[in-house]
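Have a look at final_32.csv below; it lists CSV, C-alpha atoms.
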```
chain,number,residue,atom,x,y,z
A,1,MET,CA,21.2,-6.3,28.8
A,2,LYS,CA,18.9,-9.0,27.2
A,3,PHE,CA,16.2,-8.2,24.6
A,4,SER,CA,13.8,-10.2,22.7
A,5,ILE,CA,12.5,-8.4,19.7
A,6,TYR,CA,9.8,-9.1,17.2
A,7,ARG,CA,11.2,-9.5,13.7
A,8,PHE,CA,9.3,-9.7,10.5
A,9,ASN,CA,10.4,-8.8,7.0
A,10,PRO,CA,7.5,-9.6,4.6
A,11,ASP,CA,9.9,-9.9,1.7
A,12,VAL,CA,11.9,-12.7,3.3
A,13,ASP,CA,10.0,-14.2,6.3
A,14,LYS,CA,7.0,-16.4,6.0
A,15,LYS,CA,5.9,-15.6,9.5
A,16,PRO,CA,7.2,-13.4,12.4
A,17,TYR,CA,9.6,-14.6,15.0
A,18,MET,CA,11.3,-13.3,18.2
A,19,GLN,CA,15.0,-12.6,18.0
A,20,ASP,CA,17.2,-12.5,21.1
A,21,TYR,CA,19.9,-9.9,21.6
A,22,ASP,CA,22.4,-9.5,24.4
A,23,VAL,CA,24.0,-6.1,24.3
A,24,VAL,CA,26.6,-4.4,26.3
A,25,LEU,CA,25.4,-0.9,27.1
A,26,GLU,CA,27.4,2.3,27.8
A,27,ASP,CA,26.8,4.5,30.8
A,28,SER,CA,25.3,7.1,28.6
A,29,ASP,CA,22.6,4.6,27.4
A,30,GLN,CA,19.7,5.6,29.7
A,31,MET,CA,16.6,5.1,27.6
A,32,LEU,CA,15.3,2.2,25.7
A,33,LEU,CA,15.9,4.0,22.4
A,34,ASP,CA,19.6,4.3,23.2
A,35,ALA,CA,19.7,0.5,23.6
A,36,LEU,CA,17.8,0.0,20.4
A,37,LEU,CA,20.2,2.1,18.5
A,38,ARG,CA,23.1,0.1,20.1
A,39,ILE,CA,21.3,-3.1,18.8
A,40,LYS,CA,21.0,-1.5,15.4
A,41,ASP,CA,24.7,-0.9,15.3
A,42,LEU,CA,25.1,-4.7,15.7
A,43,ASP,CA,22.3,-5.7,13.4
A,44,ASP,CA,21.3,-3.0,10.9
A,45,SER,CA,18.5,-5.1,9.5
A,46,LEU,CA,16.4,-4.2,12.5
A,47,SER,CA,13.7,-1.6,11.6
A,48,LEU,CA,12.1,1.0,13.8
A,49,ARG,CA,10.9,4.5,13.6
A,50,LYS,CA,12.5,7.3,15.6
A,51,SER,CA,12.9,11.1,15.3
A,52,CYS,CA,13.0,13.6,18.2
A,53,ARG,CA,14.3,11.1,20.8
A,54,GLU,CA,12.6,13.2,23.6
A,55,GLY,CA,8.9,12.2,23.6
A,56,VAL,CA,7.6,14.9,21.3
A,57,CYS,CA,7.3,13.3,17.9
A,58,GLY,CA,5.6,10.0,18.9
A,59,SER,CA,7.5,8.0,16.2
A,60,ASP,CA,9.0,5.3,18.4
A,61,SER,CA,5.9,4.1,20.0
A,62,MET,CA,6.0,0.3,20.5
A,63,ASN,CA,4.9,-2.5,22.8
A,64,ILE,CA,7.4,-2.7,25.6
A,65,ASN,CA,7.1,-5.7,27.9
A,66,GLY,CA,3.4,-5.9,27.0
A,67,LYS,CA,2.6,-2.3,27.4
A,68,ASN,CA,2.6,0.4,24.7
A,69,GLY,CA,5.0,3.3,25.2
A,70,LEU,CA,7.7,5.5,23.7
A,71,ALA,CA,11.1,3.9,23.6
A,72,CYS,CA,12.8,7.3,23.9
A,73,ILE,CA,11.3,8.2,27.3
A,74,THR,CA,11.2,4.7,28.8
A,75,LYS,CA,14.1,4.3,31.3
A,76,LEU,CA,16.1,1.1,30.9
A,77,SER,CA,16.4,0.9,34.7
A,78,ASP,CA,12.6,0.5,34.9
A,79,LEU,CA,12.5,-2.6,32.6
A,80,GLU,CA,12.5,-6.2,33.5
A,81,GLU,CA,14.8,-8.5,31.4
A,82,PRO,CA,14.6,-9.8,28.9
A,83,VAL,CA,12.9,-6.7,27.5
A,84,ILE,CA,10.3,-8.0,25.1
A,85,LEU,CA,9.6,-5.6,22.3
A,86,ARG,CA,6.8,-5.9,19.8
A,87,PRO,CA,5.2,-3.6,17.3
A,88,MET,CA,2.0,-1.8,18.5
A,89,PRO,CA,-0.9,-4.2,18.4
A,90,GLY,CA,-3.9,-3.8,16.1
A,91,LEU,CA,-2.2,-2.3,13.1
A,92,PRO,CA,-0.6,-4.1,10.2
A,93,VAL,CA,3.2,-4.6,10.5
A,94,ILE,CA,5.3,-3.2,7.7
A,95,ARG,CA,8.5,-4.5,9.1
A,96,ASP,CA,9.9,-5.4,12.6
A,97,LEU,CA,8.7,-2.6,14.9
A,98,VAL,CA,7.3,-0.4,12.2
A,99,VAL,CA,3.5,-0.5,11.8
A,100,ASP,CA,1.2,0.9,9.1
A,101,MET,CA,-0.6,3.8,10.8
A,102,THR,CA,-2.9,4.6,7.9
A,103,GLN,CA,-6.1,3.4,9.7
A,104,PHE,CA,-5.1,5.4,12.8
A,105,PHE,CA,-4.7,8.6,10.8
A,106,GLU,CA,-7.9,8.0,8.7
A,107,ASN,CA,-9.8,7.8,12.0
A,108,TYR,CA,-8.1,10.9,13.3
A,109,ASN,CA,-8.9,12.8,10.1
A,110,SER,CA,-12.5,11.7,10.2
A,111,VAL,CA,-13.1,13.9,13.3
A,112,LYS,CA,-12.0,17.0,11.3
A,113,PRO,CA,-9.1,17.9,13.6
A,114,TYR,CA,-8.9,21.5,12.7
A,115,LEU,CA,-10.8,24.7,13.6
A,116,VAL,CA,-14.0,25.4,11.7
A,117,ASN,CA,-14.9,29.1,11.8
A,118,ASN,CA,-16.9,30.8,9.2
A,119,ASP,CA,-16.5,34.3,10.5
A,120,PRO,CA,-14.3,36.6,8.3
A,121,PRO,CA,-10.7,36.2,9.4
A,122,PRO,CA,-9.7,39.1,11.8
A,123,GLU,CA,-6.8,41.4,11.1
A,124,THR,CA,-4.8,39.7,13.8
A,125,GLU,CA,-5.4,36.3,15.5
A,126,ARG,CA,-8.7,34.9,16.9
A,127,LEU,CA,-8.4,35.7,20.5
A,128,GLN,CA,-9.4,33.5,23.5
A,129,SER,CA,-9.9,34.3,27.1
A,130,PRO,CA,-7.4,32.6,29.5
A,131,GLU,CA,-10.4,30.5,30.8
A,132,ASP,CA,-11.3,29.3,27.3
A,133,ARG,CA,-7.7,28.5,26.6
A,134,ALA,CA,-7.4,26.5,29.8
A,135,LYS,CA,-10.2,24.2,28.5
A,136,LEU,CA,-7.7,22.9,25.9
A,137,ASP,CA,-5.2,21.8,28.6
A,138,GLY,CA,-4.8,18.1,28.8
A,139,LEU,CA,-6.1,17.7,25.2
A,140,TYR,CA,-3.9,19.6,22.8
A,141,GLU,CA,-0.7,17.9,24.2
A,142,CYS,CA,-1.5,14.7,22.3
A,143,ILE,CA,1.4,13.8,20.0
A,144,LEU,CA,-0.5,11.2,18.0
A,145,CYS,CA,1.9,8.4,18.8
A,146,GLY,CA,-1.0,5.9,18.7
A,147,ALA,CA,-0.1,4.1,22.0
A,148,CYS,CA,-3.6,4.6,23.4
A,149,THR,CA,-5.6,3.7,20.3
A,150,THR,CA,-3.6,0.5,19.6
A,151,SER,CA,-4.0,-0.7,23.2
A,152,CYS,CA,-7.8,-0.4,22.9
A,153,PRO,CA,-9.6,-3.7,22.3
A,154,SER,CA,-12.6,-1.8,20.8
A,155,PHE,CA,-10.1,-0.5,18.1
A,156,TRP,CA,-8.6,-3.9,17.6
A,157,TRP,CA,-12.1,-5.4,16.8
A,158,ASN,CA,-13.5,-2.4,14.9
A,159,PRO,CA,-10.6,-0.4,13.6
A,160,ASP,CA,-12.6,0.9,10.6
A,161,LYS,CA,-15.6,2.0,12.8
A,162,PHE,CA,-14.5,3.0,16.2
A,163,VAL,CA,-12.5,6.3,16.1
A,164,GLY,CA,-10.3,5.3,19.0
A,165,PRO,CA,-9.2,7.3,22.0
A,166,ALA,CA,-6.7,9.5,20.3
A,167,GLY,CA,-9.2,10.6,17.6
A,168,LEU,CA,-12.0,11.1,20.1
A,169,MET,CA,-9.8,13.2,22.3
A,170,GLN,CA,-9.0,15.5,19.4
A,171,ALA,CA,-12.7,15.6,18.5
A,172,TYR,CA,-13.4,16.9,22.0
A,173,ARG,CA,-10.4,19.3,21.8
A,174,PHE,CA,-12.1,21.1,18.9
A,175,MET,CA,-15.6,20.8,20.4
A,176,VAL,CA,-14.5,22.8,23.5
A,177,ASP,CA,-12.4,25.3,21.5
A,178,SER,CA,-14.2,28.7,21.9
A,179,ARG,CA,-13.1,29.7,18.4
A,180,ASP,CA,-14.7,26.6,16.8
A,181,GLN,CA,-18.3,26.9,15.3
A,182,ALA,CA,-19.0,23.4,14.3
A,183,ILE,CA,-19.9,21.6,17.6
A,184,ASP,CA,-23.2,20.4,16.3
A,185,GLU,CA,-21.7,18.9,13.2
A,186,ARG,CA,-18.9,17.4,15.3
A,187,LEU,CA,-21.4,15.7,17.6
A,188,GLU,CA,-23.5,14.5,14.7
A,189,ASN,CA,-20.3,13.1,13.1
A,190,LEU,CA,-19.9,10.8,16.2
A,191,GLU,CA,-23.5,9.6,16.4
A,192,GLU,CA,-23.1,6.5,14.3
A,193,PRO,CA,-23.3,3.7,16.9
A,194,ASP,CA,-19.8,2.4,16.6
A,195,ARG,CA,-17.8,5.6,16.3
A,196,LEU,CA,-17.9,6.8,19.9
A,197,TYR,CA,-20.0,4.4,21.9
A,198,ARG,CA,-17.8,1.3,21.4
A,199,CYS,CA,-15.7,2.8,24.3
A,200,HIS,CA,-16.3,0.5,27.3
A,201,ASN,CA,-14.1,2.5,29.7
A,202,ILE,CA,-11.5,-0.2,30.3
A,203,MET,CA,-9.0,2.7,30.6
A,204,ASN,CA,-6.1,1.1,28.7
A,205,CYS,CA,-5.7,4.4,26.9
A,206,VAL,CA,-5.2,6.3,30.2
A,207,GLU,CA,-2.8,3.6,31.4
A,208,VAL,CA,-0.4,3.8,28.5
A,209,CYS,CA,-0.5,7.4,27.4
A,210,PRO,CA,3.1,8.6,27.5
A,211,LYS,CA,2.0,12.2,27.9
A,212,LYS,CA,-0.2,11.3,30.9
A,213,LEU,CA,-3.4,12.4,29.2
A,214,ASN,CA,-6.9,11.1,29.8
A,215,PRO,CA,-8.7,10.2,26.6
A,216,ASN,CA,-11.4,8.4,28.6
A,217,ALA,CA,-12.4,11.6,30.4
A,218,ALA,CA,-12.6,13.4,27.0
A,219,ILE,CA,-14.9,10.6,25.7
A,220,ALA,CA,-17.2,10.9,28.8
A,221,LYS,CA,-17.3,14.7,28.2
A,222,ILE,CA,-18.4,14.2,24.6
A,223,LYS,CA,-21.4,12.3,26.0
A,224,ASP,CA,-22.1,15.2,28.4
A,225,LEU,CA,-22.1,17.5,25.4
A,226,LYS,CA,-24.6,15.2,23.7
A,227,PHE,CA,-26.9,15.8,26.7
A,228,GLU,CA,-26.4,19.5,26.4
A,229,GLN,CA,-27.1,19.4,22.7
A,230,ALA,CA,-30.4,17.6,23.3
A,231,ARG,CA,-31.3,20.1,26.0
A,232,GLU,CA,-30.7,23.0,23.6
A,233,HIS,CA,-32.7,21.3,20.9
A,234,LYS,CA,-35.6,20.9,23.3
A,235,ASN,CA,-35.4,24.6,24.4
A,236,LYS,CA,-35.2,25.7,20.8
A,237,ALA,CA,-38.3,23.6,19.9
A,238,LYS,CA,-40.1,25.1,23.0
A,239,LYS,CA,-39.3,28.6,21.9
A,240,GLN,CA,-40.5,27.9,18.3
A,241,ILE,CA,-43.8,26.6,19.7
A,242,GLU,CA,-44.2,29.7,21.9
A,243,ILE,CA,-43.5,32.0,19.0
A,244,LYS,CA,-46.1,30.2,16.9
A,245,LEU,CA,-48.6,30.4,19.7
A,246,VAL,CA,-48.0,34.2,20.1
B,1,MET,CA,-34.5,15.6,27.1
B,2,LEU,CA,-33.8,11.9,27.9
B,3,ILE,CA,-36.7,11.0,25.7
B,4,GLU,CA,-35.2,12.9,22.8
B,5,LEU,CA,-31.9,11.1,23.3
B,6,LEU,CA,-33.8,7.8,23.0
B,7,THR,CA,-35.1,8.7,19.5
B,8,GLU,CA,-33.8,7.6,16.1
B,9,ARG,CA,-32.1,11.0,15.8
B,10,TYR,CA,-29.4,9.7,18.2
B,11,PRO,CA,-28.9,6.1,17.2
B,12,GLY,CA,-25.6,5.8,19.1
B,13,MET,CA,-26.7,7.6,22.2
B,14,ARG,CA,-30.0,5.7,22.2
B,15,ALA,CA,-28.3,2.3,22.6
B,16,TRP,CA,-25.8,3.6,25.1
B,17,LEU,CA,-28.4,5.4,27.2
B,18,THR,CA,-30.9,2.4,27.0
B,19,GLN,CA,-28.2,0.2,28.4
B,20,ARG,CA,-27.6,2.6,31.3
B,21,LEU,CA,-31.3,3.1,32.1
B,22,THR,CA,-32.0,-0.6,32.0
B,23,GLY,CA,-29.0,-1.2,34.2
B,24,LEU,CA,-30.5,1.4,36.7
B,25,VAL,CA,-33.9,-0.4,36.6
B,26,MET,CA,-32.3,-3.7,37.3
B,27,ALA,CA,-30.2,-2.3,40.1
B,28,ILE,CA,-33.2,-0.7,41.8
B,29,TYR,CA,-35.2,-4.0,41.4
B,30,SER,CA,-32.4,-6.0,42.8
B,31,ILE,CA,-32.1,-3.8,45.9
B,32,VAL,CA,-35.8,-4.0,46.6
B,33,ALA,CA,-35.8,-7.8,45.9
B,34,LEU,CA,-33.0,-8.3,48.4
B,35,LEU,CA,-34.8,-6.2,51.0
B,36,ARG,CA,-38.0,-8.1,50.5
B,37,PHE,CA,-36.1,-11.4,50.7
B,38,PHE,CA,-34.5,-10.5,54.0
B,39,ILE,CA,-37.8,-9.2,55.4
B,40,ILE,CA,-40.0,-12.1,54.2
B,41,GLN,CA,-37.3,-14.9,54.2
B,42,PRO,CA,-39.3,-17.4,52.1
B,43,GLU,CA,-38.4,-20.9,53.3
B,44,ASN,CA,-40.6,-23.1,51.2
B,45,TYR,CA,-42.5,-23.2,47.9
B,46,GLU,CA,-45.7,-21.7,49.3
B,47,ALA,CA,-43.7,-18.8,50.8
B,48,TRP,CA,-42.0,-18.2,47.4
B,49,VAL,CA,-45.4,-18.2,45.7
B,50,SER,CA,-46.7,-15.6,48.2
B,51,PHE,CA,-43.4,-13.6,47.7
B,52,PHE,CA,-44.4,-13.1,44.1
B,53,GLN,CA,-48.2,-12.8,44.8
B,54,PRO,CA,-48.6,-8.9,45.1
B,55,ILE,CA,-49.6,-7.4,41.8
B,56,TRP,CA,-47.2,-4.5,42.2
B,57,TRP,CA,-44.3,-7.0,42.6
B,58,ARG,CA,-45.4,-8.9,39.5
B,59,ILE,CA,-45.4,-5.7,37.5
B,60,ALA,CA,-42.0,-4.7,38.9
B,61,SER,CA,-40.7,-8.2,38.0
B,62,LEU,CA,-42.0,-7.9,34.5
B,63,ILE,CA,-40.4,-4.4,34.1
B,64,PHE,CA,-37.2,-5.9,35.5
B,65,TRP,CA,-37.3,-8.7,32.9
B,66,LEU,CA,-38.0,-6.3,30.0
B,67,ALA,CA,-35.0,-4.2,31.1
B,68,LEU,CA,-32.8,-7.3,31.4
B,69,SER,CA,-33.8,-8.4,27.9
B,70,MET,CA,-33.0,-5.1,26.4
B,71,HIS,CA,-29.8,-4.9,28.3
B,72,ALA,CA,-28.8,-8.4,27.3
B,73,TRP,CA,-29.6,-7.7,23.6
B,74,LEU,CA,-27.5,-4.6,23.4
B,75,GLY,CA,-24.6,-6.1,25.4
B,76,ILE,CA,-24.4,-9.5,23.6
B,77,ARG,CA,-25.0,-8.0,20.2
B,78,ASP,CA,-21.8,-5.9,20.8
B,79,VAL,CA,-19.9,-9.1,21.9
B,80,PHE,CA,-21.0,-10.8,18.7
B,81,LYS,CA,-20.0,-7.7,16.7
B,82,ASP,CA,-16.6,-7.8,18.3
B,83,TYR,CA,-15.8,-11.5,18.3
B,84,VAL,CA,-17.6,-12.9,15.3
B,85,PRO,CA,-16.1,-11.4,12.2
B,86,ASN,CA,-18.1,-13.4,9.7
B,87,TYR,CA,-21.2,-11.3,9.1
B,88,VAL,CA,-23.6,-14.2,8.2
B,89,VAL,CA,-22.6,-16.1,11.4
B,90,GLN,CA,-22.9,-12.9,13.4
B,91,ARG,CA,-26.5,-12.4,12.1
B,92,VAL,CA,-27.4,-16.0,12.7
B,93,LEU,CA,-26.2,-15.7,16.3
B,94,GLN,CA,-28.0,-12.4,16.8
B,95,ASN,CA,-31.2,-14.0,15.6
B,96,ILE,CA,-30.8,-17.0,17.9
B,97,LEU,CA,-30.3,-14.5,20.7
B,98,VAL,CA,-33.5,-12.6,19.8
B,99,VAL,CA,-35.5,-15.8,19.7
B,100,LEU,CA,-34.1,-16.9,23.1
B,101,LEU,CA,-34.9,-13.6,24.7
B,102,TRP,CA,-38.5,-13.8,23.4
B,103,ILE,CA,-38.9,-17.3,24.7
B,104,TYR,CA,-37.6,-16.3,28.1
B,105,LEU,CA,-39.9,-13.3,28.1
B,106,ALA,CA,-42.9,-15.5,27.3
B,107,TRP,CA,-41.8,-17.9,30.0
B,108,VAL,CA,-41.6,-15.1,32.5
B,109,LEU,CA,-45.0,-13.8,31.5
B,110,TRP,CA,-46.4,-17.3,32.0
B,111,LEU,CA,-44.8,-17.5,35.4
B,112,LEU,CA,-46.1,-14.2,36.5
B,113,LEU,CA,-49.6,-14.5,35.2
B,114,VAL,CA,-50.4,-18.1,36.0
```

Will you turn the file into structure tokens for me?
Amino acid sequence: MKFSIYRFNPDVDKKPYMQDYDVVLEDSDQMLLDALLRIKDLDDSLSLRKSCREGVCGSDSMNINGKNGLACITKLSDLEEPVILRPMPGLPVIRDLVVDMTQFFENYNSVKPYLVNNDPPPETERLQSPEDRAKLDGLYECILCGACTTSCPSFWWNPDKFVGPAGLMQAYRFMVDSRDQAIDERLENLEEPDRLYRCHNIMNCVEVCPKKLNPNAAIAKIKDLKFEQAREHKNKAKKQIEIKLV
Amino acid sequence: MLIELLTERYPGMRAWLTQRLTGLVMAIYSIVALLRFFIIQPENYEAWVSFFQPIWWRIASLIFWLALSMHAWLGIRDVFKDYVPNYVVQRVLQNILVVLLWIYLAWVLWLLLV
């Protein structure tokens, strides 16, 4: 099977180049990662990240024939030859298919992706009703592979400002968590014009997500929450005026 | 509630919502304009002048143009932010855009009033 792979070693190469490989695969080689490991047997200078090899860790996300995805769950039979592999766009390349994800995780951390609850910890766990728990479905499954964020042009142009689909989906995941108490702060946190509103709904994130999640819908729901927040502020202000009048 | 979202308290939402509301204004105006066009079917210069004669239509046209200017400012400002990495050049282009939009607005005012 024929492959064309992006190669760049900053210690040796002045600029990146594409290297062709023609490898004989075994019957057991079903996924792209299998083929990449076969290539690595032939040329151990090729660098890539991998870990769980079953679409759970998100390490081997890369650009496959122009579309971001995970090598370990991409079937070889679905790919056109030559298979063109590049690192995920929009992030600095460390070497070959390995990118520096610092900016991605900085953006993710900026939304405080953890529960904020100031109540004294209960003796056991903080309970949720099945209905409240169901609100997290389609959100908590994100594996932070970065496929969505690095296929988003708004992130390419404003990586230090626009949080990106992955980070925004996690922001929403904690906003709708019944155990979280910081929804107002979370909404304020995204009010700076370029953090949330740079999303122009082009849906690349939805198209590439290897877990079939929908960050775009989560972003739209954050905007809905903004409306609810404004409505609550208005109601509060009304009540305060009524109290003063009484 | 919409008015609160258009205040400085919500800088991000304000720009986003303004773009949607101005888009809505332009869509409504366009539909009415098309309907009027098909009903009146102006065929010469005089007919076009009378098309824009009613005062309510002039006011609607002015509101449309104000909406268009705001919509264009927000949209093109974002395009400059994305594609012009040099901050000084970006600001120069934004200022040129503002001047152009004011000139167009003055021109529209002149057309509608004279």

**Item:** Residue with smallest distance to B:Ile63 - pool B:Ile28, B:Arg14, B:Gln19, B:Leu100, counting all atoms listed in the file
**Value:**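 Comparing B:Ile28, B:Arg14, B:Gln19, B:Leu100 against B:Ile63, the winner is B:Ile28.
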
**Item:** Contact set, chain B to chain A: 10 Å, only C-alpha atoms, as number ranges by chain
**Value:** B: 1-5, 9-17, 78, 81-85

I need the chosen residues saved as a short mmCIF file (atom, residue, chain, number, x, y, z; two decimals), keeping the file's coordinate frame, with C-alpha atoms.
```cif
data_model
loop_
_atom_site.label_atom_id
_atom_site.label_comp_id
_atom_site.auth_asym_id
_atom_site.auth_seq_id
_atom_site.Cartn_x
_atom_site.Cartn_y
_atom_site.Cartn_z
CA MET B 1 -34.50 15.60 27.10
CA LEU B 2 -33.80 11.90 27.90
CA ILE B 3 -36.70 11.00 25.70
CA GLU B 4 -35.20 12.90 22.80
CA LEU B 5 -31.90 11.10 23.30
CA ARG B 9 -32.10 11.00 15.80
CA TYR B 10 -29.40 9.70 18.20
CA PRO B 11 -28.90 6.10 17.20
CA GLY B 12 -25.60 5.80 19.10
CA MET B 13 -26.70 7.60 22.20
CA ARG B 14 -30.00 5.70 22.20
CA ALA B 15 -28.30 2.30 22.60
CA TRP B 16 -25.80 3.60 25.10
CA LEU B 17 -28.40 5.40 27.20
CA ASP B 78 -21.80 -5.90 20.80
CA LYS B 81 -20.00 -7.70 16.70
CA ASP B 82 -16.60 -7.80 18.30
CA TYR B 83 -15.80 -11.50 18.30
CA VAL B 84 -17.60 -12.90 15.30
CA PRO B 85 -16.10 -11.40 12.20
#
```

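Interatomic distance, atom CA of B:Trp110 against atom CA of B:Trp73: 21.1 Å.
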
**Asked** Between atom CA of A:Phe162 and atom CA of A:Val176, what is the distance, to one decimal in Å?
**Response**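 Computing the Euclidean distance for atom CA of A:Phe162 and atom CA of A:Val176 yields 21.1 Å.
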
**Request:** Tell me, in Å to one decimal, how far atom CA of A:Ser61 is from atom CA of A:Ile202.
**Result:**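 Atom-to-atom, atom CA of A:Ser61 to atom CA of A:Ile202, that is 20.7 Å.
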
**Test item: residues at most 7 Å from A:Leu139, all atoms listed in the file, excluding those fewer than 3 positions along its chain, as a PyMOL selection string** = chain A and resi 136+142+169-170+173

**Message:** Could you list, as an MDAnalysis selection string, every residue within 12 Å of B:Arg20, counting all atoms listed in the file and ignoring same-chain residues fewer than 6 positions away?
**Reply:** chainID B and resid 2 6 13:14 26:27 67:68 70:72 74:75

**Who sits within 7 Å of A:Tyr17, all atoms listed in the file, same chain under 5 positions skipped, as a PyMOL selection string** = chain A and resi 6-8
